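Quick notes on the structure that follows.
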Amino acid sequence: MTWNLEQLSALLSNNDNWAVSLEPGCICLTNEDGLDAFVAVSGKQIIVQSILFGKNQVNDAAALNEEILKTHQLFPLTSVGINQIDGETYYTAFGAISSSTDEASLLVEVDTLFSNVSGFLDTYEQFIN
């Protein structure tokens, strides 16, 4: 089976700790800590992404980028990137998984992203104004 947004929304809604909203082109998730993540199906993969902070909030981008390159492997299943969203630059955490993955693996991916976002924010807080 290849997942679509409606099926993903139904699956994710089964978790009582997540608020799920089906939006045009993606699903918005909010966990019990108030962290947001966005889920989208793109071809053969499902992308789970969360905004960490704006680039304009960073006090030393070169030092932060070096720290990310040295430490990101400490956070399983999640990478850090820089994305343009509505004309602004943001650091984001994201994971990708096959769009034909099983339910359990998909739920682990989302849960791990939320856990890692908290870890990234704690680890990189010295670089954020």
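Each chain of the structure tokens is named A, B, ... in the order shown, its residues numbered from 1; ligands are numbered from 1 in display order.
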Review point. Do you know which residues are at most 9 Å from stretch 18-26 of chain A counting only C-alpha atoms, after dropping those on the same chain fewer than 4 positions away, and could you put them as a PyMOL selection string?
Key: chain A and resi 5-6+9-10+12-14+30-32+38-41
**Study point:** All residues 12 Å or closer to A:Val108, only C-alpha atoms, same chain fewer than 3 positions away omitted, as a ChimeraX atom specification
**Key:** /A:12,15,48,76-78,95-97,101-105,111-116
Selection export as an mmCIF file, in the first residue's frame, atoms kept: N, CA and C atoms:
data_model
loop_
_atom_site.group_PDB
_atom_site.id
_atom_site.type_symbol
_atom_site.label_atom_id
_atom_site.label_comp_id
_atom_site.auth_asym_id
_atom_site.auth_seq_id
_atom_site.Cartn_x
_atom_site.Cartn_y
_atom_site.Cartn_z
ATOM 1 N N LEU A 12 -2.572 9.000 12.036
ATOM 2 C CA LEU A 12 -1.971 9.902 13.018
ATOM 3 C C LEU A 12 -2.981 10.390 14.045
ATOM 4 N N ASN A 15 -3.389 8.805 17.660
ATOM 5 C CA ASN A 15 -2.505 9.120 18.784
ATOM 6 C C ASN A 15 -3.129 10.261 19.587
ATOM 7 N N VAL A 48 8.522 14.241 6.890
ATOM 8 C CA VAL A 48 8.044 14.771 8.171
ATOM 9 C C VAL A 48 9.025 15.877 8.548
ATOM 10 N N PRO A 76 18.902 10.098 15.855
ATOM 11 C CA PRO A 76 18.551 9.101 14.839
ATOM 12 C C PRO A 76 17.347 9.508 13.996
ATOM 13 N N LEU A 77 17.397 9.136 12.737
ATOM 14 C CA LEU A 77 16.294 9.276 11.785
ATOM 15 C C LEU A 77 15.943 10.708 11.416
ATOM 16 N N THR A 78 16.693 11.693 11.895
ATOM 17 C CA THR A 78 16.342 13.080 11.648
ATOM 18 C C THR A 78 17.568 13.857 11.190
ATOM 19 N N GLY A 95 12.679 14.209 8.497
ATOM 20 C CA GLY A 95 12.938 12.802 8.252
ATOM 21 C C GLY A 95 12.152 12.388 7.017
ATOM 22 N N ALA A 96 12.605 11.354 6.366
ATOM 23 C CA ALA A 96 11.919 10.831 5.182
ATOM 24 C C ALA A 96 11.826 9.321 5.303
ATOM 25 N N ILE A 97 10.712 8.815 4.834
ATOM 26 C CA ILE A 97 10.477 7.376 4.895
ATOM 27 C C ILE A 97 9.686 6.982 3.647
ATOM 28 N N THR A 101 5.754 2.398 3.480
ATOM 29 C CA THR A 101 6.195 1.847 4.757
ATOM 30 C C THR A 101 5.011 1.328 5.574
ATOM 31 N N ASP A 102 5.313 0.547 6.592
ATOM 32 C CA ASP A 102 4.261 0.030 7.463
ATOM 33 C C ASP A 102 3.894 1.081 8.521
ATOM 34 N N GLU A 103 2.751 0.881 9.165
ATOM 35 C CA GLU A 103 2.241 1.824 10.163
ATOM 36 C C GLU A 103 3.229 2.059 11.294
ATOM 37 N N ALA A 104 3.776 0.998 11.837
ATOM 38 C CA ALA A 104 4.665 1.112 12.995
ATOM 39 C C ALA A 104 5.893 1.960 12.659
ATOM 40 N N SER A 105 6.487 1.749 11.513
ATOM 41 C CA SER A 105 7.676 2.522 11.122
ATOM 42 C C SER A 105 7.338 3.989 10.926
ATOM 43 N N ASP A 111 7.260 10.160 15.844
ATOM 44 C CA ASP A 111 7.579 10.272 17.265
ATOM 45 C C ASP A 111 9.045 10.644 17.470
ATOM 46 N N THR A 112 9.926 10.055 16.683
ATOM 47 C CA THR A 112 11.352 10.344 16.775
ATOM 48 C C THR A 112 11.638 11.785 16.373
ATOM 49 N N LEU A 113 10.961 12.274 15.341
ATOM 50 C CA LEU A 113 11.158 13.663 14.940
ATOM 51 C C LEU A 113 10.815 14.599 16.094
ATOM 52 N N PHE A 114 9.661 14.394 16.718
ATOM 53 C CA PHE A 114 9.277 15.252 17.839
ATOM 54 C C PHE A 114 10.325 15.198 18.954
ATOM 55 N N SER A 115 10.787 14.019 19.279
ATOM 56 C CA SER A 115 11.803 13.869 20.317
ATOM 57 C C SER A 115 13.095 14.585 19.926
ATOM 58 N N ASN A 116 13.495 14.435 18.674
ATOM 59 C CA ASN A 116 14.734 15.044 18.208
ATOM 60 C C ASN A 116 14.642 16.564 18.110
#
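Using only C-alpha atoms, the smallest distance between any of A:Leu64, A:Val58, A:Val110, A:Ile51 and A:Asn83 comes from A:Ile51.
Taking the backbone of this structure through DSSP, the residues of stretch 13-72 of chain A that come out as strand (DSSP E) are Ala19, Val20, Ser21, Leu22, Glu23, Cys26, Ile27, Cys28, Leu29, Thr30, Asp36, Ala37, Phe38, Val39, Ala40, Val41, Ser42, Gln45, Ile46, Ile47, Val48, Gln49, Ser50, Ile51, Leu52, Phe53 and Gly54 of chain A.
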Check your understanding: If you run DSSP on the backbone, which residues of chain A are alpha helix (DSSP H), as a ChimeraX atom specification?
Key -> /A:5-12,61-71,103-123
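Those residues that approach A:Ser98 to within 9 Å, counting only C-alpha atoms, are Thr2, Lys44, Gln45, Ile46, Ile47, Asp102 and Leu106 of chain A; same-chain residues fewer than 4 positions away are not listed.
Compared by their closest atoms to A:Met1, and using only C-alpha atoms, the residues A:Gln73, A:Ser100, A:Ala61, A:Glu88 rank with A:Ser100 nearest.
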Review point. From the set A:Asp86, A:Asn17, A:Thr71, A:Phe127, which residue has the shortest atom-to-atom contact distance to A:Phe53, counting only C-alpha atoms?
Key: A:Phe127
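Going from atom CA of A:His72 to atom CA of A:Asp33 covers 21.9 Å.
Atom CA of A:Gln84 to atom CA of A:Gln57 spans 14.5 Å [interatomic distance, one decimal].
In terms of minimum interatomic distance to A:Glu67, A:Thr123 ranks closest within A:Thr123, A:Gln7, A:Ser42, A:Thr92, counting only C-alpha atoms.
The coordinates place atom CA of A:Ile82 at 25.9 Å from atom CA of A:Asn4.
Shortest atom-to-atom contact with A:Gly34 among A:Trp3, A:Gly54, A:Ile128, A:Ser118: A:Ser118, counting only C-alpha atoms.
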